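The file structure.txt contains compact mmCIF, C-alpha atoms:
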```txt
# COMPACT_ATOMS: atom_id res chain seq x y z
CA MET A 1 111.25 39.39 28.04
CA PRO A 2 114.17 37.27 29.26
CA GLU A 3 117.44 39.15 29.27
CA LEU A 4 120.98 37.82 28.84
CA PRO A 5 121.27 36.13 32.28
CA GLU A 6 117.95 34.31 31.87
CA VAL A 7 118.85 33.09 28.38
CA GLU A 8 122.31 32.02 29.52
CA THR A 9 120.76 30.18 32.47
CA VAL A 10 118.47 28.26 30.10
CA ARG A 11 121.43 27.49 27.80
CA LEU A 12 123.42 26.08 30.71
CA GLY A 13 120.47 23.88 31.68
CA LEU A 14 120.13 22.57 28.13
CA GLN A 15 123.84 21.91 27.67
CA PRO A 16 124.03 18.51 29.43
CA VAL A 17 121.18 17.08 27.32
CA LEU A 18 121.97 18.71 23.97
CA GLU A 19 125.66 19.43 23.48
CA GLY A 20 127.38 16.35 22.11
CA HIS A 21 124.06 14.50 21.85
CA VAL A 22 121.78 13.43 19.01
CA ILE A 23 118.25 14.69 18.49
CA THR A 24 116.58 11.32 18.00
CA GLU A 25 113.15 12.78 17.32
CA ALA A 26 111.63 16.21 16.76
CA ARG A 27 107.92 17.03 16.87
CA VAL A 28 106.11 20.26 16.08
CA ARG A 29 102.77 20.46 17.85
CA ARG A 30 101.87 24.08 17.12
CA GLY A 31 103.21 26.26 14.36
CA ASP A 32 101.87 29.65 15.42
CA LEU A 33 105.03 31.27 16.79
CA ARG A 34 105.98 34.73 15.53
CA ARG A 35 107.91 33.21 12.62
CA PRO A 36 106.84 30.10 10.66
CA PHE A 37 109.05 27.06 11.02
CA PRO A 38 111.35 26.57 8.00
CA PRO A 39 110.48 23.89 5.42
CA HIS A 40 111.15 20.31 6.54
CA PHE A 41 112.05 21.55 10.02
CA VAL A 42 111.43 18.20 11.72
CA GLN A 43 113.36 16.20 9.13
CA ARG A 44 116.32 18.61 9.28
CA LEU A 45 116.55 18.18 13.05
CA THR A 46 115.91 14.47 13.47
CA GLY A 47 119.10 12.41 13.67
CA ARG A 48 121.35 15.44 13.90
CA LYS A 49 124.11 15.75 16.51
CA VAL A 50 124.49 19.02 18.42
CA GLU A 51 128.17 19.87 18.18
CA ALA A 52 128.06 23.03 20.31
CA LEU A 53 125.48 24.96 22.31
CA THR A 54 126.23 28.66 22.56
CA ARG A 55 124.47 31.99 22.98
CA ARG A 56 124.47 35.21 20.95
CA ALA A 57 122.68 38.15 22.56
CA LYS A 58 119.32 36.71 23.64
CA TYR A 59 119.43 33.74 21.24
CA ILE A 60 120.42 30.15 22.02
CA LEU A 61 122.39 28.52 19.20
CA ALA A 62 122.67 24.76 18.69
CA ALA A 63 125.26 24.05 15.98
CA LEU A 64 124.33 20.81 14.18
CA ASP A 65 126.57 18.36 12.37
CA SER A 66 124.57 19.10 9.19
CA GLY A 67 126.11 22.55 8.86
CA GLU A 68 123.00 24.29 10.13
CA THR A 69 122.33 25.96 13.48
CA LEU A 70 119.11 25.67 15.41
CA VAL A 71 118.28 29.20 16.59
CA ILE A 72 116.02 29.56 19.63
CA HIS A 73 114.53 32.78 20.98
CA LEU A 74 112.34 32.63 24.07
CA GLY A 75 110.32 35.73 23.22
CA MET A 76 108.39 37.11 26.18
CA SER A 77 107.19 33.92 27.81
CA GLY A 78 109.03 30.98 26.24
CA ARG A 79 110.33 28.14 28.41
CA MET A 80 112.61 25.23 27.61
CA SER A 81 111.84 22.41 30.03
CA VAL A 82 114.10 19.37 30.30
CA TYR A 83 112.93 15.98 31.57
CA ALA A 84 114.92 12.80 32.09
CA GLN A 85 113.58 9.62 30.53
CA GLY A 86 113.34 6.45 32.59
CA LYS A 87 114.45 7.83 35.96
CA PRO A 88 115.52 11.14 37.53
CA ARG A 89 119.20 11.78 36.99
CA LYS A 90 121.93 14.29 37.67
CA LEU A 91 123.74 15.57 34.61
CA GLY A 92 126.42 18.16 35.12
CA ASN A 93 125.21 20.52 37.84
CA TYR A 94 121.53 19.79 37.27
CA VAL A 95 119.01 17.22 38.43
CA TYR A 96 116.26 16.50 35.91
CA ASP A 97 112.93 14.98 36.91
CA VAL A 98 111.25 12.18 34.96
CA ALA A 99 108.97 13.38 32.17
CA PRO A 100 105.32 13.13 33.23
CA ALA A 101 102.93 11.62 30.73
CA SER A 102 101.70 15.11 29.85
CA ALA A 103 105.15 16.55 29.07
CA GLY A 104 104.95 17.94 25.55
CA GLU A 105 101.19 17.57 25.30
CA GLY A 106 100.22 20.89 26.87
CA LYS A 107 98.08 23.50 25.16
CA HIS A 108 101.03 25.82 24.62
CA ASP A 109 103.74 23.22 23.95
CA HIS A 110 105.07 24.04 20.48
CA VAL A 111 108.12 21.82 19.95
CA VAL A 112 109.30 18.58 21.54
CA LEU A 113 112.85 17.29 21.11
CA GLU A 114 113.96 13.83 22.21
CA THR A 115 117.68 13.24 22.66
CA ASP A 116 119.84 10.17 23.15
CA VAL A 117 120.63 11.02 26.81
CA PRO A 118 117.72 10.01 26.90
CA ALA A 119 115.89 13.24 27.65
CA ARG A 120 112.87 15.20 26.48
CA ILE A 121 113.00 18.94 25.84
CA VAL A 122 109.74 20.87 25.57
CA PHE A 123 109.46 24.40 24.19
CA ASN A 124 106.40 26.08 25.68
CA ASP A 125 105.32 29.62 24.79
CA HIS A 126 101.83 30.79 25.67
CA ARG A 127 102.33 34.29 24.24
CA ARG A 128 103.87 32.94 21.03
CA PHE A 129 106.54 35.64 20.59
CA GLY A 130 109.36 33.12 20.60
CA LEU A 131 110.90 31.44 17.58
CA MET A 132 112.79 28.37 16.41
CA THR A 133 114.45 28.36 13.04
CA LEU A 134 117.42 26.90 11.16
CA VAL A 135 120.21 29.03 9.70
CA PRO A 136 123.38 27.96 7.84
CA THR A 137 126.12 27.99 10.46
CA ASP A 138 128.63 29.74 8.23
CA GLY A 139 126.09 32.49 7.53
CA LEU A 140 124.92 33.26 11.07
CA ASP A 141 126.60 36.65 11.30
CA ARG A 142 124.96 37.73 8.03
CA ASP A 143 121.47 36.56 8.96
CA LYS A 144 119.04 39.41 9.67
CA LEU A 145 118.59 38.14 13.23
CA PHE A 146 122.26 38.77 14.01
CA ALA A 147 123.58 41.30 11.50
CA GLY A 148 124.46 44.53 13.27
CA LEU A 149 124.45 43.14 16.80
CA GLY A 150 126.99 44.70 19.10
CA ILE A 151 129.64 43.13 21.30
CA GLU A 152 128.92 40.50 23.93
CA PRO A 153 129.30 42.13 27.37
CA LEU A 154 130.96 39.05 28.86
CA SER A 155 133.45 38.69 26.01
CA PRO A 156 137.12 39.74 26.24
CA GLY A 157 136.45 42.47 23.68
CA PHE A 158 134.10 44.35 25.99
CA THR A 159 136.68 46.71 27.41
CA THR A 160 136.88 50.24 28.74
CA ARG A 161 138.31 51.35 25.42
CA TYR A 162 135.49 49.72 23.45
CA LEU A 163 132.74 51.30 25.55
CA ALA A 164 134.40 54.71 25.58
CA GLN A 165 134.55 54.68 21.78
CA ALA A 166 130.97 53.39 21.48
CA LEU A 167 129.60 56.16 23.73
CA ALA A 168 131.67 59.03 22.33
CA GLY A 169 129.50 61.79 20.94
CA LYS A 170 126.18 60.09 21.72
CA LYS A 171 123.48 62.55 22.75
CA THR A 172 121.09 59.91 24.08
CA PRO A 173 120.80 59.10 27.81
CA ILE A 174 123.34 56.52 28.96
CA LYS A 175 120.59 54.04 29.78
CA SER A 176 119.23 54.18 26.23
CA ALA A 177 122.73 53.82 24.80
CA LEU A 178 123.41 50.69 26.87
CA LEU A 179 120.09 49.17 25.77
CA ASP A 180 120.99 49.68 22.10
CA GLN A 181 121.66 46.15 20.84
CA ARG A 182 123.98 47.58 18.18
CA VAL A 183 126.27 48.75 21.00
CA ILE A 184 126.02 45.86 23.47
CA ALA A 185 124.18 42.64 22.62
CA GLY A 186 121.87 41.11 25.19
CA LEU A 187 121.66 43.83 27.81
CA GLY A 188 118.12 44.54 28.99
CA ASN A 189 116.25 46.97 31.20
CA ILE A 190 116.72 45.21 34.54
CA TYR A 191 120.47 44.78 34.35
CA VAL A 192 121.19 48.22 32.90
CA CYS A 193 119.35 49.78 35.87
CA GLU A 194 121.32 47.62 38.29
CA ALA A 195 124.68 48.23 36.58
CA LEU A 196 124.22 52.00 36.48
CA PHE A 197 123.41 51.97 40.19
CA ARG A 198 126.52 49.94 40.99
CA ALA A 199 128.60 52.35 38.92
CA GLY A 200 126.99 55.42 40.53
CA ILE A 201 125.93 56.90 37.18
CA SER A 202 122.59 58.62 36.62
CA PRO A 203 120.51 56.97 33.87
CA LYS A 204 119.61 60.49 32.67
CA ARG A 205 123.21 61.53 31.99
CA LEU A 206 124.00 61.83 28.27
CA ALA A 207 126.12 58.91 27.07
CA GLY A 208 128.71 61.13 25.43
CA SER A 209 129.21 63.10 28.63
CA ILE A 210 130.43 60.16 30.75
CA ARG A 211 133.95 61.02 31.83
CA PRO A 212 136.69 58.56 30.82
CA GLU A 213 137.51 57.68 34.45
CA ARG A 214 133.91 56.53 34.98
CA ILE A 215 133.85 54.13 32.02
CA ALA A 216 136.00 51.43 33.65
CA PRO A 217 133.74 51.13 36.74
CA LEU A 218 130.71 50.94 34.43
CA VAL A 219 132.25 48.11 32.40
CA ALA A 220 133.09 46.29 35.63
CA ALA A 221 129.55 46.83 36.98
CA ILE A 222 127.94 45.48 33.81
CA ARG A 223 130.12 42.37 33.89
CA LYS A 224 129.59 41.80 37.61
CA VAL A 225 125.81 42.19 37.63
CA LEU A 226 125.45 39.80 34.69
CA LYS A 227 127.69 37.19 36.31
CA ASP A 228 125.87 37.53 39.63
CA ALA A 229 122.51 37.10 37.91
CA ILE A 230 123.64 34.02 35.97
CA ALA A 231 124.97 32.47 39.19
CA ALA A 232 121.53 33.06 40.75
CA GLY A 233 119.68 31.43 37.85
CA GLY A 234 118.42 34.72 36.42
CA SER A 235 115.46 36.79 37.60
CA THR A 236 111.94 35.39 37.74
CA LEU A 237 109.42 38.22 37.64
CA ARG A 238 106.71 36.44 35.68
CA ASP A 239 107.56 33.67 33.21
CA HIS A 240 111.26 32.81 33.46
CA ALA A 241 112.19 29.36 34.68
CA GLN A 242 115.42 27.42 34.46
CA ALA A 243 115.52 24.29 32.31
CA THR A 244 114.91 22.20 35.43
CA GLY A 245 111.71 24.15 36.12
CA ASP A 246 113.18 26.04 39.08
CA PRO A 247 112.68 29.83 39.22
CA GLY A 248 115.58 32.24 39.20
CA ASN A 249 116.63 33.98 42.40
CA PHE A 250 118.34 37.20 41.37
CA GLN A 251 115.13 39.24 41.86
CA HIS A 252 115.79 38.89 45.59
CA HIS A 253 119.06 40.80 45.12
CA PHE A 254 117.82 43.83 43.16
CA LEU A 255 119.31 47.05 44.52
CA VAL A 256 117.09 49.48 42.58
CA TYR A 257 114.95 47.68 40.03
CA GLY A 258 111.35 47.57 41.23
CA CYS A 259 112.36 49.37 44.45
CA GLU A 260 110.55 52.68 43.91
CA GLY A 261 109.98 54.55 47.18
CA ARG A 262 112.38 52.41 49.20
CA LEU A 263 115.48 53.69 50.95
CA CYS A 264 118.62 53.34 48.85
CA LYS A 265 120.74 50.38 49.88
CA SER A 266 123.92 52.41 49.74
CA LYS A 267 124.93 54.77 52.58
CA CYS A 268 123.53 57.88 50.88
CA LYS A 269 120.13 57.67 52.67
CA GLY A 270 118.38 58.58 49.43
CA THR A 271 115.12 57.16 48.07
CA VAL A 272 114.85 55.07 44.91
CA LYS A 273 112.81 56.79 42.21
CA ARG A 274 111.15 55.60 39.03
CA ILE A 275 111.05 57.51 35.76
CA VAL A 276 110.10 56.45 32.23
CA GLN A 277 112.71 56.53 29.48
CA ALA A 278 111.83 55.49 25.94
CA GLY A 279 108.73 53.76 27.26
CA ARG A 280 110.63 51.72 29.83
CA SER A 281 110.67 52.06 33.61
CA THR A 282 113.98 53.25 35.01
CA PHE A 283 114.81 52.85 38.69
CA TYR A 284 117.65 54.83 40.27
CA CYS A 285 118.78 56.75 43.35
CA PRO A 286 119.12 60.48 42.58
CA ALA A 287 121.26 60.94 45.71
CA CYS A 288 124.12 58.64 44.75
CA GLN A 289 123.79 58.31 40.98
CA LYS A 290 125.23 61.46 39.43
```

For the file at hand, write its structure as structure tokens.
Amino acid sequence: MPELPEVETVRLGLQPVLEGHVITEARVRRGDLRRPFPPHFVQRLTGRKVEALTRRAKYILAALDSGETLVIHLGMSGRMSVYAQGKPRKLGNYVYDVAPASAGEGKHDHVVLETDVPARIVFNDHRRFGLMTLVPTDGLDRDKLFAGLGIEPLSPGFTTRYLAQALAGKKTPIKSALLDQRVIAGLGNIYVCEALFRAGISPKRLAGSIRPERIAPLVAAIRKVLKDAIAAGGSTLRDHAQATGDPGNFQHHFLVYGCEGRLCKSKCKGTVKRIVQAGRSTFYCPACQK
């Protein structure tokens, strides 16, 4: 499933063709995502201007001038592909190819959005765990998709003090605590493994036992690994692609994730090991993560 950097990468690729632009046409080709489309979905999108394109946790949010927000979740395999209409063009930091005749007509293409750029956006999801829905903008925080979500790890509020208070007294392993979306929104398995390695903290250590002086380096490591991954276009292990269709590159910079049996890339000369925690693979170096 795409984690925060992959979702943010897709949001950035959508921004030049959605934010400040009008959805001139919306088409639903398949309705079998994990949640049914809301009533009159197409009509409620068509002709609407996107006033802002943001992200909350692993959701992309397009605030419309109608007072509703288009909520997009990529699920496990969802892709948002952007094509220029008429001729290839550079918008912002991205170059978008011309839409081929088949764009939006594929077997697993669920939703097609045309915008006044002009551009075509295609939501493809062959596993069908993604979703698109509409939520009143002023009620987003109360919607069941967002109620109870924790702090954004790249926000100013994600501080040493916040994390210390959030971890205090927790008897779960630190890795499990960091994956708890009620504590930090958007963090996933890959980047928690990488952040714990950078901070030199064992994923098996109980969250409430992390000493105060080790919290600040952990906060810094979480922020840094997320920013590095976003700059690299996210990690492509199976399905993730940027809005231009290009794969991410951060998988080439993993220090521990997927590196079982390899020598640690620090100076400790240890070997990366894999264990299973709460049904998820954890990669770490026992020699330098204490």

Open item on the list: Ranking A:Asp141, A:Asp246, A:Asp180, A:Glu25 by minimum distance to A:Gly13 and counting all atoms listed in the file, which one comes first?
Closed with: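 Residue with the minimum atom-to-atom distance to A:Gly13: A:Asp246.
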
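Restricting the calculation to all atoms listed in the file, the smallest distance between A:Glu68 and any of A:Val135, A:Leu12, A:Val22, A:Met80 is found for A:Val135.
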
- [ ] For stretch 31-39 of chain A, work out the shell of residues within 7 Å, counting only C-alpha atoms and skipping chain neighbours fewer than 6 positions away, then give it as a list in words.
- [x]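 Residues near the query, excluding close chain neighbours: His110, Arg128, Phe129, Gly130, Leu131, Met132, Thr133 and Leu134 of chain A.
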
- [ ] Could you give me, as number ranges by chain, the residues that sit within 10 Å of (120.8, 17.1, 36.9) in the file's coordinates, counting all atoms listed in the file?
- [x] A: 13, 16-17, 82-84, 88-97, 244

Open item on the list: Which residues are near A:Leu196? Cut-off 9 Å, all atoms listed in the file, ignore same chain within fewer than 5 positions. Put them as a PyMOL selection string.
Closed with: chain A and resi 174-175+191+201-203+218+221-222+284+289

Task: Ref. answer, residues at most 10 Å from (122.5, 32.1, 29.3) with only C-alpha atoms, as a list of chain:residue names - done: A:Pro2, A:Glu3, A:Leu4, A:Pro5, A:Glu6, A:Val7, A:Glu8, A:Thr9, A:Val10, A:Arg11, A:Leu12, A:Gly13, A:Leu14, A:Thr54, A:Arg55, A:Arg56, A:Ala57, A:Lys58, A:Tyr59, A:Ile60, A:Gly186, A:Leu226, A:Ala229, A:Ile230, A:Gly233, A:Gly234, A:Gln242

Find the spatial neighbours of A:Glu260, counting all atoms listed in the file, within a cut-off of 12 Å - ignore same-chain residues fewer than 2 positions away - and output them as a short mmCIF file (atom, residue, chain, number, x, y, z; two decimals) with C-alpha atoms, keeping the file's coordinate frame.
```cif
data_model
loop_
_atom_site.label_atom_id
_atom_site.label_comp_id
_atom_site.auth_asym_id
_atom_site.auth_seq_id
_atom_site.Cartn_x
_atom_site.Cartn_y
_atom_site.Cartn_z
CA PHE A 254 117.82 43.83 43.16
CA LEU A 255 119.31 47.05 44.52
CA VAL A 256 117.09 49.48 42.58
CA TYR A 257 114.95 47.68 40.03
CA GLY A 258 111.35 47.57 41.23
CA ARG A 262 112.38 52.41 49.20
CA LEU A 263 115.48 53.69 50.95
CA CYS A 264 118.62 53.34 48.85
CA GLY A 270 118.38 58.58 49.43
CA THR A 271 115.12 57.16 48.07
CA VAL A 272 114.85 55.07 44.91
CA LYS A 273 112.81 56.79 42.21
CA ARG A 274 111.15 55.60 39.03
CA ILE A 275 111.05 57.51 35.76
CA SER A 281 110.67 52.06 33.61
CA THR A 282 113.98 53.25 35.01
CA PHE A 283 114.81 52.85 38.69
CA TYR A 284 117.65 54.83 40.27
CA CYS A 285 118.78 56.75 43.35
CA PRO A 286 119.12 60.48 42.58
#
```
